[in-house]
$ cat final_14.cif   # mmCIF, C-alpha atoms
data_protein
#
loop_
_atom_site.label_atom_id
_atom_site.label_comp_id
_atom_site.auth_asym_id
_atom_site.auth_seq_id
_atom_site.Cartn_x
_atom_site.Cartn_y
_atom_site.Cartn_z
CA VAL A 1 -127.34 34.38 8.90
CA THR A 2 -128.79 31.47 6.91
CA CYS A 3 -126.11 31.60 4.23
CA TYR A 4 -123.31 31.91 6.79
CA PHE A 5 -124.33 28.91 8.89
CA LEU A 6 -125.14 26.75 5.87
CA CYS A 7 -121.84 27.48 4.12
CA GLU A 8 -119.73 27.00 7.24
CA ASN A 9 -121.36 23.76 8.36
CA ILE A 10 -121.46 22.24 4.87
CA ALA A 11 -117.82 23.26 4.39
CA LEU A 12 -116.88 21.15 7.42
CA THR A 13 -118.28 18.07 5.67
CA TYR A 14 -116.00 18.58 2.67
CA THR A 15 -112.77 19.90 4.15
CA THR A 16 -110.89 19.79 7.44
CA ALA A 17 -111.67 21.91 10.49
CA SER A 18 -108.14 23.32 10.32
CA ASN A 19 -108.72 24.53 6.77
CA VAL A 20 -111.99 26.17 7.76
CA GLY A 21 -110.30 27.76 10.77
CA ILE A 22 -107.60 29.29 8.59
CA ILE A 23 -109.94 30.46 5.85
CA THR A 24 -112.33 32.15 8.30
CA THR A 25 -109.48 34.45 9.34
CA LEU A 26 -110.16 36.31 6.09
CA ALA A 27 -113.38 37.70 7.59
CA PRO A 28 -111.79 40.91 8.97
CA ILE A 29 -110.21 41.64 5.58
CA PHE A 30 -113.51 41.05 3.77
CA THR A 31 -115.22 43.31 6.32
CA ALA A 32 -112.65 46.06 5.79
CA VAL A 33 -113.05 45.93 2.01
CA LEU A 34 -116.86 45.89 2.10
CA SER A 35 -116.98 48.74 4.61
CA ILE A 36 -115.10 50.96 2.15
CA PHE A 37 -117.81 50.49 -0.47
CA PHE A 38 -120.98 50.20 1.62
CA LEU A 39 -120.20 52.24 4.76
CA ARG A 40 -117.95 54.78 3.09
CA ALA A 41 -115.30 54.02 5.68
CA GLU A 42 -111.74 55.15 5.18
CA VAL A 43 -109.18 52.72 3.83
CA PRO A 44 -107.44 50.94 6.74
CA PRO A 45 -103.70 51.68 7.07
CA LYS A 46 -101.09 49.18 5.96
CA ARG A 47 -100.42 48.09 9.53
CA PHE A 48 -104.01 46.80 9.67
CA TYR A 49 -103.31 44.30 6.90
CA VAL A 50 -99.84 43.46 8.26
CA GLY A 51 -101.45 42.78 11.63
CA CYS A 52 -104.05 40.58 9.95
CA LEU A 53 -101.25 38.62 8.26
CA PHE A 54 -99.50 38.07 11.60
CA ALA A 55 -102.78 36.96 13.17
CA ILE A 56 -103.54 34.59 10.29
CA ILE A 57 -100.12 32.96 10.72
CA GLY A 58 -100.78 32.67 14.44
CA VAL A 59 -104.21 31.11 13.95
CA GLY A 60 -102.66 28.69 11.46
CA LEU A 61 -100.06 27.57 14.00
CA ILE A 62 -102.74 27.13 16.66
CA SER A 63 -105.09 25.25 14.32
CA PHE A 64 -102.54 22.80 12.95
CA ASN A 65 -100.60 22.66 16.24
CA GLY A 66 -97.47 21.24 14.63
CA LYS A 67 -99.38 18.62 12.63
CA PHE A 68 -99.55 20.38 9.30
CA VAL A 69 -101.04 18.29 6.54
CA LEU A 70 -101.79 20.02 3.24
CA SER A 71 -105.28 18.88 2.34
CA LEU A 72 -107.07 21.14 -0.10
CA ASN A 73 -110.67 20.60 -1.14
CA PRO A 74 -112.02 23.14 -3.64
CA ILE A 75 -115.68 22.73 -2.65
CA GLY A 76 -115.18 22.84 1.11
CA ASP A 77 -112.59 25.62 1.00
CA LEU A 78 -114.75 27.72 -1.32
CA LEU A 79 -117.77 27.29 0.96
CA ALA A 80 -115.66 28.35 3.95
CA MET A 81 -114.57 31.44 2.03
CA LEU A 82 -118.19 32.21 1.16
CA ALA A 83 -119.05 31.86 4.85
CA CYS A 84 -116.44 34.55 5.59
CA LEU A 85 -117.97 36.80 2.98
CA PHE A 86 -121.48 36.31 4.37
CA TRP A 87 -120.23 37.03 7.90
CA ALA A 88 -118.65 40.25 6.64
CA CYS A 89 -121.95 41.15 4.96
CA TYR A 90 -123.79 40.42 8.21
CA SER A 91 -121.48 42.75 10.14
CA ILE A 92 -121.88 45.49 7.54
CA LEU A 93 -125.69 45.16 7.56
CA THR A 94 -125.71 45.22 11.36
CA LYS A 95 -123.69 48.43 11.45
CA LYS A 96 -125.76 50.03 8.71
CA SER A 97 -129.02 49.08 10.46
CA SER A 98 -127.78 50.37 13.82
CA ASN A 99 -127.00 53.71 12.17
CA TYR A 100 -130.74 54.08 11.54
CA GLY A 101 -131.45 53.74 15.26
CA TYR A 102 -132.88 50.22 15.34
CA ASN A 103 -132.85 48.47 18.70
CA ILE A 104 -130.03 45.90 18.74
CA ILE A 105 -131.98 43.17 20.54
CA LEU A 106 -134.96 43.60 18.23
CA LEU A 107 -132.62 43.63 15.24
CA THR A 108 -130.91 40.42 16.35
CA ARG A 109 -134.27 38.73 16.95
CA ARG A 110 -135.41 39.59 13.45
CA PHE A 111 -132.16 38.39 11.92
CA PHE A 112 -132.49 35.02 13.62
CA PHE A 113 -136.23 34.66 13.06
CA TYR A 114 -135.97 35.15 9.31
CA GLY A 115 -132.73 33.17 9.24
CA LEU A 116 -134.47 30.21 10.90
CA ILE A 117 -137.44 30.42 8.54
CA LEU A 118 -135.15 30.45 5.51
CA MET A 119 -133.14 27.54 6.88
CA LEU A 120 -136.10 25.19 7.36
CA PRO A 121 -136.45 24.29 3.64
CA PHE A 122 -132.89 22.95 3.67
CA LEU A 123 -133.64 20.32 6.34
CA SER A 124 -134.80 17.86 3.69
CA SER A 125 -131.38 18.09 2.03
CA PHE A 126 -129.61 16.71 5.10
CA ASP A 127 -129.83 13.54 7.14
CA PHE A 128 -132.27 15.10 9.58
CA GLU A 129 -134.63 13.23 11.89
CA TRP A 130 -136.89 14.75 14.51
CA GLY A 131 -136.22 12.00 17.08
CA LEU A 132 -138.24 13.67 19.83
CA SER A 133 -137.21 10.96 22.30
CA ARG A 134 -133.73 12.47 22.49
CA PHE A 135 -135.19 15.52 24.24
CA THR A 136 -136.01 13.38 27.28
CA LYS A 137 -132.31 13.33 28.17
CA PRO A 138 -131.29 16.26 30.41
CA VAL A 139 -127.85 16.54 28.82
CA ASN A 140 -129.39 17.12 25.38
CA ILE A 141 -131.73 19.77 26.74
CA LEU A 142 -128.82 21.53 28.46
CA ASN A 143 -126.82 21.42 25.24
CA ILE A 144 -129.69 22.98 23.29
CA LEU A 145 -130.16 25.68 25.93
CA PHE A 146 -126.46 26.47 25.88
CA LEU A 147 -126.35 26.68 22.09
CA GLY A 148 -129.58 28.66 21.87
CA ILE A 149 -129.10 31.09 24.75
CA GLY A 150 -125.36 31.25 25.34
CA ALA A 151 -123.64 30.54 22.04
CA SER A 152 -126.32 32.19 19.90
CA ALA A 153 -128.56 34.77 21.60
CA ILE A 154 -126.11 36.31 24.07
CA CYS A 155 -123.12 36.11 21.73
CA PHE A 156 -124.87 37.63 18.73
CA VAL A 157 -126.50 40.41 20.75
CA SER A 158 -123.10 41.21 22.27
CA TRP A 159 -121.48 41.15 18.83
CA ASN A 160 -124.14 43.44 17.36
CA TYR A 161 -123.76 45.90 20.24
CA ALA A 162 -119.99 45.88 19.72
CA VAL A 163 -120.41 46.50 15.99
CA LYS A 164 -122.69 49.44 16.77
CA LEU A 165 -120.32 50.99 19.31
CA VAL A 166 -116.89 50.25 17.84
CA GLY A 167 -117.48 49.59 14.15
CA ALA A 168 -117.59 46.51 11.95
CA VAL A 169 -113.92 46.65 10.91
CA LYS A 170 -112.34 47.23 14.31
CA ILE A 171 -114.46 44.65 16.12
CA SER A 172 -113.84 42.01 13.43
CA ILE A 173 -110.14 42.04 14.32
CA TYR A 174 -110.97 40.46 17.67
CA LEU A 175 -112.22 37.35 15.89
CA TYR A 176 -108.56 36.34 15.85
CA LEU A 177 -108.74 35.88 19.62
CA VAL A 178 -111.29 33.05 19.32
CA PRO A 179 -108.66 30.31 18.69
CA ILE A 180 -106.65 31.57 21.68
CA LEU A 181 -109.68 31.40 23.97
CA THR A 182 -110.50 27.98 22.54
CA ILE A 183 -107.07 26.54 23.27
CA ILE A 184 -107.05 28.06 26.79
CA THR A 185 -110.44 26.49 27.47
CA ALA A 186 -109.21 23.15 26.11
CA VAL A 187 -106.17 23.26 28.40
CA VAL A 188 -108.17 24.20 31.51
CA ILE A 189 -111.29 22.05 31.01
CA LEU A 190 -110.13 19.16 28.80
CA ASN A 191 -106.55 19.02 30.12
CA GLU A 192 -105.15 19.19 26.60
CA PRO A 193 -101.42 19.96 26.31
CA PHE A 194 -100.29 23.50 25.51
CA THR A 195 -97.52 22.91 22.96
CA TRP A 196 -94.73 25.28 21.99
CA VAL A 197 -96.30 25.57 18.52
CA ALA A 198 -99.55 26.79 20.09
CA ALA A 199 -97.56 29.20 22.26
CA ILE A 200 -95.84 30.71 19.21
CA GLY A 201 -99.18 30.87 17.40
CA THR A 202 -100.72 32.67 20.37
CA LEU A 203 -97.86 35.18 20.38
CA PHE A 204 -98.22 35.81 16.64
CA THR A 205 -101.98 36.27 16.97
CA LEU A 206 -101.71 38.72 19.87
CA CYS A 207 -99.03 40.71 18.05
CA GLY A 208 -101.24 40.81 14.97
CA VAL A 209 -104.25 42.09 16.91
CA LEU A 210 -102.17 44.72 18.72
CA LEU A 211 -100.53 45.83 15.48
CA SER A 212 -103.88 46.17 13.73
CA GLU A 213 -105.32 48.15 16.63
CA SER A 214 -102.33 50.28 17.61
CA LYS A 215 -103.03 53.89 16.75
CA ALA A 216 -105.14 52.64 13.87
CA ARG A 217 -107.32 55.29 12.31
CA ILE A 218 -110.08 52.95 11.27
CA SER A 219 -113.44 54.61 10.89
CA ARG A 220 -116.28 53.51 13.17
CA LYS A 221 -118.62 53.26 10.23
#
$ encode --input "final_14.cif" --output "structure tokens"
Amino acid sequence: VTCYFLCENIALTYTTASNVGIITTLAPIFTAVLSIFFLRAEVPPKRFYVGCLFAIIGVGLISFNGKFVLSLNPIGDLLAMLACLFWACYSILTKKSSNYGYNIILLTRRFFFYGLILMLPFLSSFDFEWGLSRFTKPVNILNILFLGIGASAICFVSWNYAVKLVGAVKISIYLYLVPILTIITAVVILNEPFTWVAAIGTLFTLCGVLLSESKARISRK
């Protein structure tokens, strides 16, 4: 958890959000490869990887939204790739731990507790200030509650339950739906335009997910 969040957030300071968005689509592939070695899962069929390729193209179209600018940064892009690898490791460890009968909520709490402890020493490396006065503003408190309870606790517990029930590889495919949900939310709440490029990207992503899942004999390990 610590390595994933550190790598992803530091990557965003070195490279573009679009680059990070594209690179993180490698997470399902990393998960599939690691599951073969550490969970003794069967090798996914070719359609799984073809579906991933379609989904990656779709996510790319959604991320760049017709404004493609090639901007490579070795440090940022490498950190984003490492974040994918750490996320894959997290999913594998979650599945392996759940196989031993550990309670998912307790498991998630331990992951985050130790992750937070390990992250504290890195605060001095960033431009961090306590600024306790900012917590007097209701909007800041609501933001913290949303990030802590909604975007972290509920989401990670749900993800860990899904990994336990469905499997790390199969559930990782649905990460490709995140950009689609993001753009739908942006259109509905922020009134952002839904361009034809985003529409094509959405179609590619959905086709990729369906292709990867259709009659796929991916082990639940």
$ closest_residue --input "final_14.cif" --among "A:Ala168, A:Val209, A:Leu61, A:Ile173" --to "Leu34 of chain A" --atoms "all atoms listed in the file"
A:Ala168
$ residues_near_point --input "final_14.cif" --point "(-113.4, 29.2, 4.5)" --cutoff "10 Å" --atoms "all atoms listed in the file" --output "number ranges by chain"
A: 7-8, 11-12, 15, 17-27, 75-85
$ write_last_selection --input "final_14.cif" --atoms "C-alpha atoms" --output "PDB file, in the frame of the given file"
ATOM      1  CA  CYS A   7    -121.840  27.480   4.120  1.00  0.00           C
ATOM      2  CA  GLU A   8    -119.730  27.000   7.240  1.00  0.00           C
ATOM      3  CA  ALA A  11    -117.820  23.260   4.390  1.00  0.00           C
ATOM      4  CA  LEU A  12    -116.880  21.150   7.420  1.00  0.00           C
ATOM      5  CA  THR A  15    -112.770  19.900   4.150  1.00  0.00           C
ATOM      6  CA  ALA A  17    -111.670  21.910  10.490  1.00  0.00           C
ATOM      7  CA  SER A  18    -108.140  23.320  10.320  1.00  0.00           C
ATOM      8  CA  ASN A  19    -108.720  24.530   6.770  1.00  0.00           C
ATOM      9  CA  VAL A  20    -111.990  26.170   7.760  1.00  0.00           C
ATOM     10  CA  GLY A  21    -110.300  27.760  10.770  1.00  0.00           C
ATOM     11  CA  ILE A  22    -107.600  29.290   8.590  1.00  0.00           C
ATOM     12  CA  ILE A  23    -109.940  30.460   5.850  1.00  0.00           C
ATOM     13  CA  THR A  24    -112.330  32.150   8.300  1.00  0.00           C
ATOM     14  CA  THR A  25    -109.480  34.450   9.340  1.00  0.00           C
ATOM     15  CA  LEU A  26    -110.160  36.310   6.090  1.00  0.00           C
ATOM     16  CA  ALA A  27    -113.380  37.700   7.590  1.00  0.00           C
ATOM     17  CA  ILE A  75    -115.680  22.730  -2.650  1.00  0.00           C
ATOM     18  CA  GLY A  76    -115.180  22.840   1.110  1.00  0.00           C
ATOM     19  CA  ASP A  77    -112.590  25.620   1.000  1.00  0.00           C
ATOM     20  CA  LEU A  78    -114.750  27.720  -1.320  1.00  0.00           C
ATOM     21  CA  LEU A  79    -117.770  27.290   0.960  1.00  0.00           C
ATOM     22  CA  ALA A  80    -115.660  28.350   3.950  1.00  0.00           C
ATOM     23  CA  MET A  81    -114.570  31.440   2.030  1.00  0.00           C
ATOM     24  CA  LEU A  82    -118.190  32.210   1.160  1.00  0.00           C
ATOM     25  CA  ALA A  83    -119.050  31.860   4.850  1.00  0.00           C
ATOM     26  CA  CYS A  84    -116.440  34.550   5.590  1.00  0.00           C
ATOM     27  CA  LEU A  85    -117.970  36.800   2.980  1.00  0.00           C
TER      28      LEU A  85
END
$ resolve_selection --input "final_14.cif" --expression "the PyMOL selection byres ((chain A and resi 157) around 10)" --output "PyMOL selection string"
chain A and resi 104-109+152-156+158-163
$ write_last_selection --input "final_14.cif" --atoms "C-alpha atoms" --output "short mmCIF file (atom, residue, chain, number, x, y, z; two decimals), keeping the file's coordinate frame"
data_model
loop_
_atom_site.label_atom_id
_atom_site.label_comp_id
_atom_site.auth_asym_id
_atom_site.auth_seq_id
_atom_site.Cartn_x
_atom_site.Cartn_y
_atom_site.Cartn_z
CA ILE A 104 -130.03 45.90 18.74
CA ILE A 105 -131.98 43.17 20.54
CA LEU A 106 -134.96 43.60 18.23
CA LEU A 107 -132.62 43.63 15.24
CA THR A 108 -130.91 40.42 16.35
CA ARG A 109 -134.27 38.73 16.95
CA SER A 152 -126.32 32.19 19.90
CA ALA A 153 -128.56 34.77 21.60
CA ILE A 154 -126.11 36.31 24.07
CA CYS A 155 -123.12 36.11 21.73
CA PHE A 156 -124.87 37.63 18.73
CA SER A 158 -123.10 41.21 22.27
CA TRP A 159 -121.48 41.15 18.83
CA ASN A 160 -124.14 43.44 17.36
CA TYR A 161 -123.76 45.90 20.24
CA ALA A 162 -119.99 45.88 19.72
CA VAL A 163 -120.41 46.50 15.99
#
$ closest_residue --input "final_14.cif" --among "A:Ala55, A:Ile10, A:Ala88, A:Leu211" --to "Ser35 of chain A" --atoms "only C-alpha atoms"
A:Ala88
$ residues_around --input "final_14.cif" --residues "Cys207 of chain A" --least-positions-apart "6" --cutoff "12 Å" --atoms "all atoms listed in the file" --output "ChimeraX atom specification"
/A:47-48,50-59,173-174,176-177,200-201,213-214
$ closest_residue --input "final_14.cif" --among "A:Phe111, A:Cys89, A:Leu118, A:Tyr100" --to "Phe37 of chain A" --atoms "all atoms listed in the file"
A:Cys89
$ atom_distance --input "final_14.cif" --atom1 "atom CA of Leu72 of chain A" --atom2 "atom CA of Tyr14 of chain A"
9.7 Å
$ resolve_selection --input "final_14.cif" --expression "the PyMOL selection byres ((chain A and resi 32) around 8)" --output "number ranges by chain"
A: 28-31, 33-36, 43-44, 168-169
$ closest_residue --input "final_14.cif" --among "A:Leu165, A:Leu142, A:Leu147, A:Leu132" --to "Lys96 of chain A" --atoms "all atoms listed in the file"
A:Leu165
$ decode --input "final_14.cif" --residues "segment 48-68 of chain A" --atoms "C-alpha atoms" --output "CSV table (one decimal), in the first residue's frame"
chain,number,residue,atom,x,y,z
A,48,PHE,CA,-7.7,-12.1,-22.2
A,49,TYR,CA,-4.6,-10.2,-23.5
A,50,VAL,CA,-6.4,-9.1,-26.7
A,51,GLY,CA,-9.2,-7.7,-24.6
A,52,CYS,CA,-6.6,-5.9,-22.4
A,53,LEU,CA,-5.1,-4.4,-25.6
A,54,PHE,CA,-8.5,-3.1,-26.7
A,55,ALA,CA,-9.2,-1.7,-23.3
A,56,ILE,CA,-5.8,0.0,-23.1
A,57,ILE,CA,-6.5,1.7,-26.5
A,58,GLY,CA,-9.9,2.8,-25.2
A,59,VAL,CA,-8.4,4.2,-22.0
A,60,GLY,CA,-5.8,6.0,-24.0
A,61,LEU,CA,-8.5,7.6,-26.2
A,62,ILE,CA,-10.5,8.7,-23.1
A,63,SER,CA,-7.4,10.0,-21.3
A,64,PHE,CA,-6.0,12.1,-24.1
A,65,ASN,CA,-9.5,12.9,-25.5
A,66,GLY,CA,-8.2,14.0,-28.9
A,67,LYS,CA,-5.4,16.1,-27.5
A,68,PHE,CA,-2.6,13.6,-27.8
